[in-house]
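What follows is final_31.pdb (PDB, N, CA and C atoms).
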ATOM      1  N   MET E 766       0.836  -1.175   0.000
ATOM      2  CA  MET E 766       0.000   0.000   0.000
ATOM      3  C   MET E 766       0.884   1.242   0.000
ATOM      4  N   ALA E 767       0.576   2.178  -0.846
ATOM      5  CA  ALA E 767       1.371   3.389  -1.002
ATOM      6  C   ALA E 767       1.070   4.389   0.114
ATOM      7  N   SER E 768       2.082   5.176   0.448
ATOM      8  CA  SER E 768       1.897   6.201   1.473
ATOM      9  C   SER E 768       1.081   7.370   0.908
ATOM     10  N   GLU E 769       0.646   8.226   1.808
ATOM     11  CA  GLU E 769      -0.123   9.401   1.390
ATOM     12  C   GLU E 769       0.695  10.299   0.477
ATOM     13  N   ARG E 770       1.978  10.457   0.793
ATOM     14  CA  ARG E 770       2.844  11.316  -0.023
ATOM     15  C   ARG E 770       3.013  10.742  -1.422
ATOM     16  N   THR E 771       3.139   9.434  -1.520
ATOM     17  CA  THR E 771       3.266   8.795  -2.826
ATOM     18  C   THR E 771       1.993   8.998  -3.634
ATOM     19  N   GLU E 772       0.859   8.826  -3.000
ATOM     20  CA  GLU E 772      -0.429   9.053  -3.682
ATOM     21  C   GLU E 772      -0.554  10.503  -4.135
ATOM     22  N   GLU E 773      -0.148  11.427  -3.257
ATOM     23  CA  GLU E 773      -0.201  12.848  -3.592
ATOM     24  C   GLU E 773       0.687  13.150  -4.801
ATOM     25  N   LEU E 774       1.865  12.555  -4.815
ATOM     26  CA  LEU E 774       2.787  12.740  -5.940
ATOM     27  C   LEU E 774       2.180  12.212  -7.227
ATOM     28  N   TYR E 775       1.620  11.016  -7.172
ATOM     29  CA  TYR E 775       0.997  10.416  -8.360
ATOM     30  C   TYR E 775      -0.101  11.318  -8.913
ATOM     31  N   LYS E 776      -0.969  11.788  -8.037
ATOM     32  CA  LYS E 776      -2.079  12.637  -8.477
ATOM     33  C   LYS E 776      -1.585  13.967  -9.046
ATOM     34  N   LEU E 777      -0.557  14.537  -8.424
ATOM     35  CA  LEU E 777      -0.019  15.800  -8.922
ATOM     36  C   LEU E 777       0.610  15.617 -10.303
ATOM     37  N   LEU E 778       1.364  14.537 -10.473
ATOM     38  CA  LEU E 778       1.965  14.272 -11.780
ATOM     39  C   LEU E 778       0.892  14.112 -12.850
ATOM     40  N   LEU E 779      -0.160  13.368 -12.530
ATOM     41  CA  LEU E 779      -1.256  13.199 -13.485
ATOM     42  C   LEU E 779      -1.924  14.539 -13.814
ATOM     43  N   SER E 780      -2.137  15.354 -12.800
ATOM     44  CA  SER E 780      -2.805  16.645 -13.020
ATOM     45  C   SER E 780      -1.955  17.586 -13.860
ATOM     46  N   ARG E 781      -0.630  17.360 -13.874
ATOM     47  CA  ARG E 781       0.260  18.189 -14.682
ATOM     48  C   ARG E 781       0.334  17.714 -16.137
ATOM     49  N   GLY E 782      -0.346  16.609 -16.433
ATOM     50  CA  GLY E 782      -0.431  16.148 -17.810
ATOM     51  C   GLY E 782       0.636  15.169 -18.265
ATOM     52  N   TYR E 783       1.381  14.606 -17.335
ATOM     53  CA  TYR E 783       2.382  13.605 -17.707
ATOM     54  C   TYR E 783       1.675  12.284 -18.018
ATOM     55  N   PRO E 784       2.271  11.453 -18.887
ATOM     56  CA  PRO E 784       1.645  10.166 -19.219
ATOM     57  C   PRO E 784       1.440   9.303 -17.976
ATOM     58  N   LYS E 785       0.340   8.578 -17.948
ATOM     59  CA  LYS E 785      -0.018   7.763 -16.791
ATOM     60  C   LYS E 785       1.070   6.745 -16.459
ATOM     61  N   GLU E 786       1.669   6.138 -17.474
ATOM     62  CA  GLU E 786       2.723   5.135 -17.246
ATOM     63  C   GLU E 786       3.925   5.766 -16.545
ATOM     64  N   LEU E 787       4.285   6.973 -16.977
ATOM     65  CA  LEU E 787       5.404   7.673 -16.348
ATOM     66  C   LEU E 787       5.069   8.022 -14.900
ATOM     67  N   CYS E 788       3.872   8.498 -14.668
ATOM     68  CA  CYS E 788       3.439   8.851 -13.307
ATOM     69  C   CYS E 788       3.494   7.640 -12.390
ATOM     70  N   THR E 789       3.043   6.508 -12.889
ATOM     71  CA  THR E 789       3.060   5.267 -12.107
ATOM     72  C   THR E 789       4.486   4.857 -11.781
ATOM     73  N   GLU E 790       5.365   4.891 -12.774
ATOM     74  CA  GLU E 790       6.769   4.513 -12.562
ATOM     75  C   GLU E 790       7.425   5.417 -11.533
ATOM     76  N   ILE E 791       7.259   6.722 -11.707
ATOM     77  CA  ILE E 791       7.910   7.665 -10.806
ATOM     78  C   ILE E 791       7.372   7.511  -9.384
ATOM     79  N   ALA E 792       6.059   7.566  -9.237
ATOM     80  CA  ALA E 792       5.466   7.578  -7.895
ATOM     81  C   ALA E 792       5.582   6.238  -7.179
ATOM     82  N   TYR E 793       5.296   5.152  -7.854
ATOM     83  CA  TYR E 793       5.187   3.861  -7.162
ATOM     84  C   TYR E 793       6.435   2.999  -7.240
ATOM     85  N   LYS E 794       7.292   3.249  -8.218
ATOM     86  CA  LYS E 794       8.488   2.431  -8.328
ATOM     87  C   LYS E 794       9.716   3.135  -7.747
ATOM     88  N   TYR E 795       9.869   4.421  -8.045
ATOM     89  CA  TYR E 795      11.091   5.115  -7.651
ATOM     90  C   TYR E 795      10.914   6.066  -6.465
ATOM     91  N   MET E 796       9.862   6.814  -6.430
ATOM     92  CA  MET E 796       9.648   7.800  -5.365
ATOM     93  C   MET E 796       8.621   7.258  -4.365
ATOM     94  N   ASN E 797       8.813   6.032  -3.916
ATOM     95  CA  ASN E 797       7.799   5.352  -3.110
ATOM     96  C   ASN E 797       8.023   5.431  -1.600
ATOM     97  N   THR E 798       8.926   6.295  -1.168
ATOM     98  CA  THR E 798       9.087   6.530   0.263
ATOM     99  C   THR E 798       8.657   7.966   0.561
ATOM    100  N   ASP E 799       8.344   8.228   1.818
ATOM    101  CA  ASP E 799       7.947   9.593   2.189
ATOM    102  C   ASP E 799       9.053  10.593   1.873
ATOM    103  N   TYR E 800      10.304  10.201   2.116
ATOM    104  CA  TYR E 800      11.430  11.098   1.873
ATOM    105  C   TYR E 800      11.519  11.480   0.396
ATOM    106  N   THR E 801      11.529  10.477  -0.481
ATOM    107  CA  THR E 801      11.700  10.772  -1.902
ATOM    108  C   THR E 801      10.465  11.456  -2.479
ATOM    109  N   ALA E 802       9.286  11.021  -2.071
ATOM    110  CA  ALA E 802       8.059  11.639  -2.581
ATOM    111  C   ALA E 802       7.966  13.097  -2.135
ATOM    112  N   THR E 803       8.341  13.377  -0.896
ATOM    113  CA  THR E 803       8.290  14.745  -0.392
ATOM    114  C   THR E 803       9.276  15.631  -1.143
ATOM    115  N   ARG E 804      10.460  15.109  -1.407
ATOM    116  CA  ARG E 804      11.446  15.885  -2.171
ATOM    117  C   ARG E 804      10.937  16.184  -3.576
ATOM    118  N   MET E 805      10.328  15.202  -4.223
ATOM    119  CA  MET E 805       9.814  15.412  -5.576
ATOM    120  C   MET E 805       8.633  16.375  -5.560
ATOM    121  N   LEU E 806       7.778  16.273  -4.563
ATOM    122  CA  LEU E 806       6.659  17.212  -4.442
ATOM    123  C   LEU E 806       7.178  18.642  -4.279
ATOM    124  N   GLY E 807       8.198  18.807  -3.475
ATOM    125  CA  GLY E 807       8.798  20.129  -3.305
ATOM    126  C   GLY E 807       9.299  20.689  -4.619
ATOM    127  N   TYR E 808       9.937  19.840  -5.395
ATOM    128  CA  TYR E 808      10.421  20.262  -6.715
ATOM    129  C   TYR E 808       9.255  20.677  -7.604
ATOM    130  N   LEU E 809       8.206  19.879  -7.615
ATOM    131  CA  LEU E 809       7.067  20.168  -8.486
ATOM    132  C   LEU E 809       6.306  21.417  -8.052
ATOM    133  N   TYR E 810       6.317  21.736  -6.773
ATOM    134  CA  TYR E 810       5.650  22.955  -6.322
ATOM    135  C   TYR E 810       6.498  24.199  -6.624
ATOM    136  N   ARG E 811       7.829  24.026  -6.680
ATOM    137  CA  ARG E 811       8.705  25.149  -7.024
ATOM    138  C   ARG E 811       8.744  25.392  -8.530
ATOM    139  N   ILE E 812       8.819  24.321  -9.299
ATOM    140  CA  ILE E 812       8.905  24.393 -10.760
ATOM    141  C   ILE E 812       7.557  23.914 -11.296
ATOM    142  N   THR E 813       6.770  24.797 -11.833
ATOM    143  CA  THR E 813       5.385  24.453 -12.145
ATOM    144  C   THR E 813       5.228  23.469 -13.304
ATOM    145  N   ASN E 814       5.949  23.638 -14.372
ATOM    146  CA  ASN E 814       5.781  22.736 -15.521
ATOM    147  C   ASN E 814       7.124  22.289 -16.089
ATOM    148  N   PRO E 815       7.853  21.449 -15.360
ATOM    149  CA  PRO E 815       9.150  21.005 -15.897
ATOM    150  C   PRO E 815       8.948  20.066 -17.088
ATOM    151  N   ARG E 816       9.912  20.131 -17.980
ATOM    152  CA  ARG E 816       9.890  19.179 -19.098
ATOM    153  C   ARG E 816      10.054  17.770 -18.530
ATOM    154  N   MET E 817       9.631  16.789 -19.302
ATOM    155  CA  MET E 817       9.725  15.403 -18.847
ATOM    156  C   MET E 817      11.179  15.039 -18.530
ATOM    157  N   GLU E 818      12.111  15.515 -19.341
ATOM    158  CA  GLU E 818      13.525  15.222 -19.129
ATOM    159  C   GLU E 818      14.012  15.813 -17.803
ATOM    160  N   ASP E 819      13.561  17.038 -17.493
ATOM    161  CA  ASP E 819      13.960  17.680 -16.243
ATOM    162  C   ASP E 819      13.362  16.960 -15.039
ATOM    163  N   LEU E 820      12.149  16.499 -15.180
ATOM    164  CA  LEU E 820      11.488  15.751 -14.120
ATOM    165  C   LEU E 820      12.263  14.472 -13.805
ATOM    166  N   ILE E 821      12.647  13.766 -14.839
ATOM    167  CA  ILE E 821      13.397  12.515 -14.659
ATOM    168  C   ILE E 821      14.788  12.802 -14.102
ATOM    169  N   ASP E 822      15.416  13.884 -14.555
ATOM    170  CA  ASP E 822      16.719  14.270 -14.028
ATOM    171  C   ASP E 822      16.632  14.565 -12.537
ATOM    172  N   GLU E 823      15.588  15.265 -12.113
ATOM    173  CA  GLU E 823      15.401  15.558 -10.690
ATOM    174  C   GLU E 823      15.165  14.271  -9.900
ATOM    175  N   MET E 824      14.402  13.350 -10.462
ATOM    176  CA  MET E 824      14.160  12.076  -9.803
ATOM    177  C   MET E 824      15.490  11.339  -9.575
ATOM    178  N   LEU E 825      16.335  11.317 -10.585
ATOM    179  CA  LEU E 825      17.629  10.649 -10.465
ATOM    180  C   LEU E 825      18.518  11.336  -9.429
ATOM    181  N   ALA E 826      18.455  12.665  -9.367
ATOM    182  CA  ALA E 826      19.241  13.400  -8.364
ATOM    183  C   ALA E 826      18.759  13.066  -6.953
ATOM    184  N   ILE E 827      17.456  12.997  -6.768
ATOM    185  CA  ILE E 827      16.895  12.651  -5.454
ATOM    186  C   ILE E 827      17.314  11.244  -5.055
ATOM    187  N   LEU E 828      17.252  10.311  -5.980
ATOM    188  CA  LEU E 828      17.649   8.930  -5.683
ATOM    189  C   LEU E 828      19.140   8.849  -5.367
ATOM    190  N   SER E 829      19.942   9.626  -6.069
ATOM    191  CA  SER E 829      21.382   9.649  -5.804
ATOM    192  C   SER E 829      21.660  10.196  -4.400
ATOM    193  N   ASP E 830      20.965  11.267  -4.023
ATOM    194  CA  ASP E 830      21.116  11.818  -2.674
ATOM    195  C   ASP E 830      20.740  10.781  -1.622
ATOM    196  N   ARG E 831      19.637  10.095  -1.853
ATOM    197  CA  ARG E 831      19.182   9.081  -0.895
ATOM    198  C   ARG E 831      20.222   7.973  -0.759
ATOM    199  N   ASP E 832      20.789   7.527  -1.884
ATOM    200  CA  ASP E 832      21.798   6.474  -1.835
ATOM    201  C   ASP E 832      23.039   6.921  -1.067
ATOM    202  N   GLN E 833      23.438   8.185  -1.237
ATOM    203  CA  GLN E 833      24.595   8.698  -0.506
ATOM    204  C   GLN E 833      24.322   8.771   0.993
ATOM    205  N   ILE E 834      23.110   9.141   1.367
ATOM    206  CA  ILE E 834      22.750   9.184   2.785
ATOM    207  C   ILE E 834      22.788   7.778   3.379
ATOM    208  N   ILE E 835      22.271   6.804   2.637
ATOM    209  CA  ILE E 835      22.288   5.414   3.107
ATOM    210  C   ILE E 835      23.721   4.932   3.294
ATOM    211  N   LYS E 836      24.588   5.203   2.326
ATOM    212  CA  LYS E 836      25.989   4.796   2.426
ATOM    213  C   LYS E 836      26.671   5.457   3.619
ATOM    214  N   LYS E 837      26.373   6.740   3.841
ATOM    215  CA  LYS E 837      26.965   7.449   4.970
ATOM    216  C   LYS E 837      26.545   6.804   6.285
ATOM    217  N   LYS E 838      25.272   6.465   6.414
ATOM    218  CA  LYS E 838      24.775   5.830   7.640
ATOM    219  C   LYS E 838      25.424   4.461   7.846
ATOM    220  N   GLU E 839      25.599   3.713   6.759
ATOM    221  CA  GLU E 839      26.253   2.409   6.864
ATOM    222  C   GLU E 839      27.694   2.558   7.323
ATOM    223  N   MET E 840      28.404   3.562   6.772
ATOM    224  CA  MET E 840      29.794   3.783   7.179
ATOM    225  C   MET E 840      29.883   4.229   8.631
ATOM    226  N   GLU E 841      28.953   5.078   9.062
ATOM    227  CA  GLU E 841      28.940   5.517  10.455
ATOM    228  C   GLU E 841      28.707   4.338  11.394
ATOM    229  N   HIS E 842      27.818   3.443  10.999
ATOM    230  CA  HIS E 842      27.552   2.257  11.820
ATOM    231  C   HIS E 842      28.794   1.366  11.881
ATOM    232  N   ALA E 843      29.433   1.151  10.728
ATOM    233  CA  ALA E 843      30.641   0.323  10.703
ATOM    234  C   ALA E 843      31.730   0.939  11.572
ATOM    235  N   GLN E 844      31.880   2.263  11.502
ATOM    236  CA  GLN E 844      32.893   2.927  12.313
ATOM    237  C   GLN E 844      32.574   2.799  13.799
ATOM    238  N   ALA E 845      31.318   2.863  14.160
ATOM    239  CA  ALA E 845      30.913   2.706  15.558
ATOM    240  C   ALA E 845      31.257   1.302  16.061
ATOM    241  N   VAL E 846      31.059   0.299  15.226
ATOM    242  CA  VAL E 846      31.396  -1.077  15.607
ATOM    243  C   VAL E 846      32.904  -1.218  15.792
ATOM    244  N   ILE E 847      33.675  -0.638  14.873
ATOM    245  CA  ILE E 847      35.136  -0.699  14.986
ATOM    246  C   ILE E 847      35.595   0.011  16.271
ATOM    247  N   ASN E 848      35.034   1.175  16.543
ATOM    248  CA  ASN E 848      35.394   1.904  17.759
ATOM    249  C   ASN E 848      35.076   1.082  19.004
ATOM    250  N   GLU E 849      33.961   0.408  19.002
ATOM    251  CA  GLU E 849      33.579  -0.448  20.130
ATOM    252  C   GLU E 849      34.587  -1.579  20.310
ATOM    253  N   LEU E 850      35.048  -2.157  19.200
ATOM    254  CA  LEU E 850      36.070  -3.204  19.286
ATOM    255  C   LEU E 850      37.377  -2.676  19.844
ATOM    256  N   TYR E 851      37.767  -1.479  19.432
ATOM    257  CA  TYR E 851      38.993  -0.873  19.961
ATOM    258  C   TYR E 851      38.880  -0.630  21.465
ATOM    259  N   ARG E 852      37.724  -0.173  21.902
ATOM    260  CA  ARG E 852      37.536   0.118  23.330
ATOM    261  C   ARG E 852      37.478  -1.151  24.170
ATOM    262  N   ASN E 853      36.723  -2.136  23.716
ATOM    263  CA  ASN E 853      36.440  -3.312  24.549
ATOM    264  C   ASN E 853      37.140  -4.573  24.104
ATOM    265  N   GLY E 854      37.767  -4.579  22.957
ATOM    266  CA  GLY E 854      38.408  -5.778  22.451
ATOM    267  C   GLY E 854      37.366  -6.779  21.967
ATOM    268  N   LEU E 855      37.874  -7.943  21.591
ATOM    269  CA  LEU E 855      36.970  -8.986  21.112
ATOM    270  C   LEU E 855      36.329  -9.648  22.285
TER     271      LEU E 855
END

For the structure just supplied, provide its representation as structure tokens.
Amino acid sequence: MASERTEELYKLLLSRGYPKELCTEIAYKYMNTDYTATRMLGYLYRITNPRMEDLIDEMLAILSDRDQIIKKKEMEHAQAVINELYRNGL
């Protein structure tokens, strides 16, 4: 089941006249978390009628940012485990 933000994104994309297949892909396949959907909604409210290419470019930028945040959190966790080993040993 999709979140409210994902549903809101889907409806907004449709209301802007983008093809239904594209709206479905963007909202339900790629921007299906509150974080990504909210970021895309913010973009769409700032830029009223982006070209399809610009919309997809923004989607890719949002996904890239999300991936970098995930990697950073993973590295922070790994570093915390290493620090714990240094402090307490095996």

>> Would you compute the distance between atom N of Tyr795 (chain E) and CA of Leu825 (chain E)? Give it in Å to one decimal.
In response: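 Value for the atom N of Tyr795 (chain E)-CA of Leu825 (chain E) distance: 10.2 Å.
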
Could you list the residues chosen by the PyMOL selection byres (((chain E and resi 817 and name CA) around 12) and name CA) in this structure as a PDB file with N, CA and C atoms, keeping the file's coordinate frame?
ATOM      1  N   LEU E 778       1.364  14.537 -10.473  1.00  0.00           N
ATOM      2  CA  LEU E 778       1.965  14.272 -11.780  1.00  0.00           C
ATOM      3  C   LEU E 778       0.892  14.112 -12.850  1.00  0.00           C
ATOM      4  N   ARG E 781      -0.630  17.360 -13.874  1.00  0.00           N
ATOM      5  CA  ARG E 781       0.260  18.189 -14.682  1.00  0.00           C
ATOM      6  C   ARG E 781       0.334  17.714 -16.137  1.00  0.00           C
ATOM      7  N   GLY E 782      -0.346  16.609 -16.433  1.00  0.00           N
ATOM      8  CA  GLY E 782      -0.431  16.148 -17.810  1.00  0.00           C
ATOM      9  C   GLY E 782       0.636  15.169 -18.265  1.00  0.00           C
ATOM     10  N   TYR E 783       1.381  14.606 -17.335  1.00  0.00           N
ATOM     11  CA  TYR E 783       2.382  13.605 -17.707  1.00  0.00           C
ATOM     12  C   TYR E 783       1.675  12.284 -18.018  1.00  0.00           C
ATOM     13  N   PRO E 784       2.271  11.453 -18.887  1.00  0.00           N
ATOM     14  CA  PRO E 784       1.645  10.166 -19.219  1.00  0.00           C
ATOM     15  C   PRO E 784       1.440   9.303 -17.976  1.00  0.00           C
ATOM     16  N   LEU E 787       4.285   6.973 -16.977  1.00  0.00           N
ATOM     17  CA  LEU E 787       5.404   7.673 -16.348  1.00  0.00           C
ATOM     18  C   LEU E 787       5.069   8.022 -14.900  1.00  0.00           C
ATOM     19  N   CYS E 788       3.872   8.498 -14.668  1.00  0.00           N
ATOM     20  CA  CYS E 788       3.439   8.851 -13.307  1.00  0.00           C
ATOM     21  C   CYS E 788       3.494   7.640 -12.390  1.00  0.00           C
ATOM     22  N   ILE E 791       7.259   6.722 -11.707  1.00  0.00           N
ATOM     23  CA  ILE E 791       7.910   7.665 -10.806  1.00  0.00           C
ATOM     24  C   ILE E 791       7.372   7.511  -9.384  1.00  0.00           C
ATOM     25  N   LEU E 809       8.206  19.879  -7.615  1.00  0.00           N
ATOM     26  CA  LEU E 809       7.067  20.168  -8.486  1.00  0.00           C
ATOM     27  C   LEU E 809       6.306  21.417  -8.052  1.00  0.00           C
ATOM     28  N   ASN E 814       5.949  23.638 -14.372  1.00  0.00           N
ATOM     29  CA  ASN E 814       5.781  22.736 -15.521  1.00  0.00           C
ATOM     30  C   ASN E 814       7.124  22.289 -16.089  1.00  0.00           C
ATOM     31  N   PRO E 815       7.853  21.449 -15.360  1.00  0.00           N
ATOM     32  CA  PRO E 815       9.150  21.005 -15.897  1.00  0.00           C
ATOM     33  C   PRO E 815       8.948  20.066 -17.088  1.00  0.00           C
ATOM     34  N   ARG E 816       9.912  20.131 -17.980  1.00  0.00           N
ATOM     35  CA  ARG E 816       9.890  19.179 -19.098  1.00  0.00           C
ATOM     36  C   ARG E 816      10.054  17.770 -18.530  1.00  0.00           C
ATOM     37  N   GLU E 818      12.111  15.515 -19.341  1.00  0.00           N
ATOM     38  CA  GLU E 818      13.525  15.222 -19.129  1.00  0.00           C
ATOM     39  C   GLU E 818      14.012  15.813 -17.803  1.00  0.00           C
ATOM     40  N   ASP E 819      13.561  17.038 -17.493  1.00  0.00           N
ATOM     41  CA  ASP E 819      13.960  17.680 -16.243  1.00  0.00           C
ATOM     42  C   ASP E 819      13.362  16.960 -15.039  1.00  0.00           C
ATOM     43  N   LEU E 820      12.149  16.499 -15.180  1.00  0.00           N
ATOM     44  CA  LEU E 820      11.488  15.751 -14.120  1.00  0.00           C
ATOM     45  C   LEU E 820      12.263  14.472 -13.805  1.00  0.00           C
ATOM     46  N   ILE E 821      12.647  13.766 -14.839  1.00  0.00           N
ATOM     47  CA  ILE E 821      13.397  12.515 -14.659  1.00  0.00           C
ATOM     48  C   ILE E 821      14.788  12.802 -14.102  1.00  0.00           C
ATOM     49  N   ASP E 822      15.416  13.884 -14.555  1.00  0.00           N
ATOM     50  CA  ASP E 822      16.719  14.270 -14.028  1.00  0.00           C
ATOM     51  C   ASP E 822      16.632  14.565 -12.537  1.00  0.00           C
ATOM     52  N   GLU E 823      15.588  15.265 -12.113  1.00  0.00           N
ATOM     53  CA  GLU E 823      15.401  15.558 -10.690  1.00  0.00           C
ATOM     54  C   GLU E 823      15.165  14.271  -9.900  1.00  0.00           C
ATOM     55  N   MET E 824      14.402  13.350 -10.462  1.00  0.00           N
ATOM     56  CA  MET E 824      14.160  12.076  -9.803  1.00  0.00           C
ATOM     57  C   MET E 824      15.490  11.339  -9.575  1.00  0.00           C
TER      58      MET E 824
END

> Quick one, how far is atom C of Tyr808 (chain E) from atom N of Met840 (chain E)?
Replying inline: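 Going from atom C of Tyr808 (chain E) over to atom N of Met840 (chain E), I get 29.4 Å.
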
> What separation in Å, quoted to one decimal, exists between CA of Ala802 (chain E) and CA of Leu774 (chain E)?
Replying inline: 6.3 Å

Listed atoms of region 819-834 of chain E boxed axis-aligned with 4 Å per side, centre + edges as lines of an AutoDock Vina configuration file:
center_x = 18.0
center_y = 12.1
center_z = -7.1
size_x = 21.1
size_y = 19.2
size_z = 28.9

>> Going by the chain IDs and residue numbers used in this file, which residues fall under the PyMOL selection byres ((chain E and resi 771) around 6.5)? Write them as a VMD selection string.
In response: chain E and resid 767 to 770 772 to 776 792 796 to 799 802

Now that the selection is made, can you save its residues with N, CA and C atoms as a PDB file, in the coordinates of the input?
ATOM      1  N   ALA E 767       0.576   2.178  -0.846  1.00  0.00           N
ATOM      2  CA  ALA E 767       1.371   3.389  -1.002  1.00  0.00           C
ATOM      3  C   ALA E 767       1.070   4.389   0.114  1.00  0.00           C
ATOM      4  N   SER E 768       2.082   5.176   0.448  1.00  0.00           N
ATOM      5  CA  SER E 768       1.897   6.201   1.473  1.00  0.00           C
ATOM      6  C   SER E 768       1.081   7.370   0.908  1.00  0.00           C
ATOM      7  N   GLU E 769       0.646   8.226   1.808  1.00  0.00           N
ATOM      8  CA  GLU E 769      -0.123   9.401   1.390  1.00  0.00           C
ATOM      9  C   GLU E 769       0.695  10.299   0.477  1.00  0.00           C
ATOM     10  N   ARG E 770       1.978  10.457   0.793  1.00  0.00           N
ATOM     11  CA  ARG E 770       2.844  11.316  -0.023  1.00  0.00           C
ATOM     12  C   ARG E 770       3.013  10.742  -1.422  1.00  0.00           C
ATOM     13  N   GLU E 772       0.859   8.826  -3.000  1.00  0.00           N
ATOM     14  CA  GLU E 772      -0.429   9.053  -3.682  1.00  0.00           C
ATOM     15  C   GLU E 772      -0.554  10.503  -4.135  1.00  0.00           C
ATOM     16  N   GLU E 773      -0.148  11.427  -3.257  1.00  0.00           N
ATOM     17  CA  GLU E 773      -0.201  12.848  -3.592  1.00  0.00           C
ATOM     18  C   GLU E 773       0.687  13.150  -4.801  1.00  0.00           C
ATOM     19  N   LEU E 774       1.865  12.555  -4.815  1.00  0.00           N
ATOM     20  CA  LEU E 774       2.787  12.740  -5.940  1.00  0.00           C
ATOM     21  C   LEU E 774       2.180  12.212  -7.227  1.00  0.00           C
ATOM     22  N   TYR E 775       1.620  11.016  -7.172  1.00  0.00           N
ATOM     23  CA  TYR E 775       0.997  10.416  -8.360  1.00  0.00           C
ATOM     24  C   TYR E 775      -0.101  11.318  -8.913  1.00  0.00           C
ATOM     25  N   LYS E 776      -0.969  11.788  -8.037  1.00  0.00           N
ATOM     26  CA  LYS E 776      -2.079  12.637  -8.477  1.00  0.00           C
ATOM     27  C   LYS E 776      -1.585  13.967  -9.046  1.00  0.00           C
ATOM     28  N   ALA E 792       6.059   7.566  -9.237  1.00  0.00           N
ATOM     29  CA  ALA E 792       5.466   7.578  -7.895  1.00  0.00           C
ATOM     30  C   ALA E 792       5.582   6.238  -7.179  1.00  0.00           C
ATOM     31  N   MET E 796       9.862   6.814  -6.430  1.00  0.00           N
ATOM     32  CA  MET E 796       9.648   7.800  -5.365  1.00  0.00           C
ATOM     33  C   MET E 796       8.621   7.258  -4.365  1.00  0.00           C
ATOM     34  N   ASN E 797       8.813   6.032  -3.916  1.00  0.00           N
ATOM     35  CA  ASN E 797       7.799   5.352  -3.110  1.00  0.00           C
ATOM     36  C   ASN E 797       8.023   5.431  -1.600  1.00  0.00           C
ATOM     37  N   THR E 798       8.926   6.295  -1.168  1.00  0.00           N
ATOM     38  CA  THR E 798       9.087   6.530   0.263  1.00  0.00           C
ATOM     39  C   THR E 798       8.657   7.966   0.561  1.00  0.00           C
ATOM     40  N   ASP E 799       8.344   8.228   1.818  1.00  0.00           N
ATOM     41  CA  ASP E 799       7.947   9.593   2.189  1.00  0.00           C
ATOM     42  C   ASP E 799       9.053  10.593   1.873  1.00  0.00           C
ATOM     43  N   ALA E 802       9.286  11.021  -2.071  1.00  0.00           N
ATOM     44  CA  ALA E 802       8.059  11.639  -2.581  1.00  0.00           C
ATOM     45  C   ALA E 802       7.966  13.097  -2.135  1.00  0.00           C
TER      46      ALA E 802
END
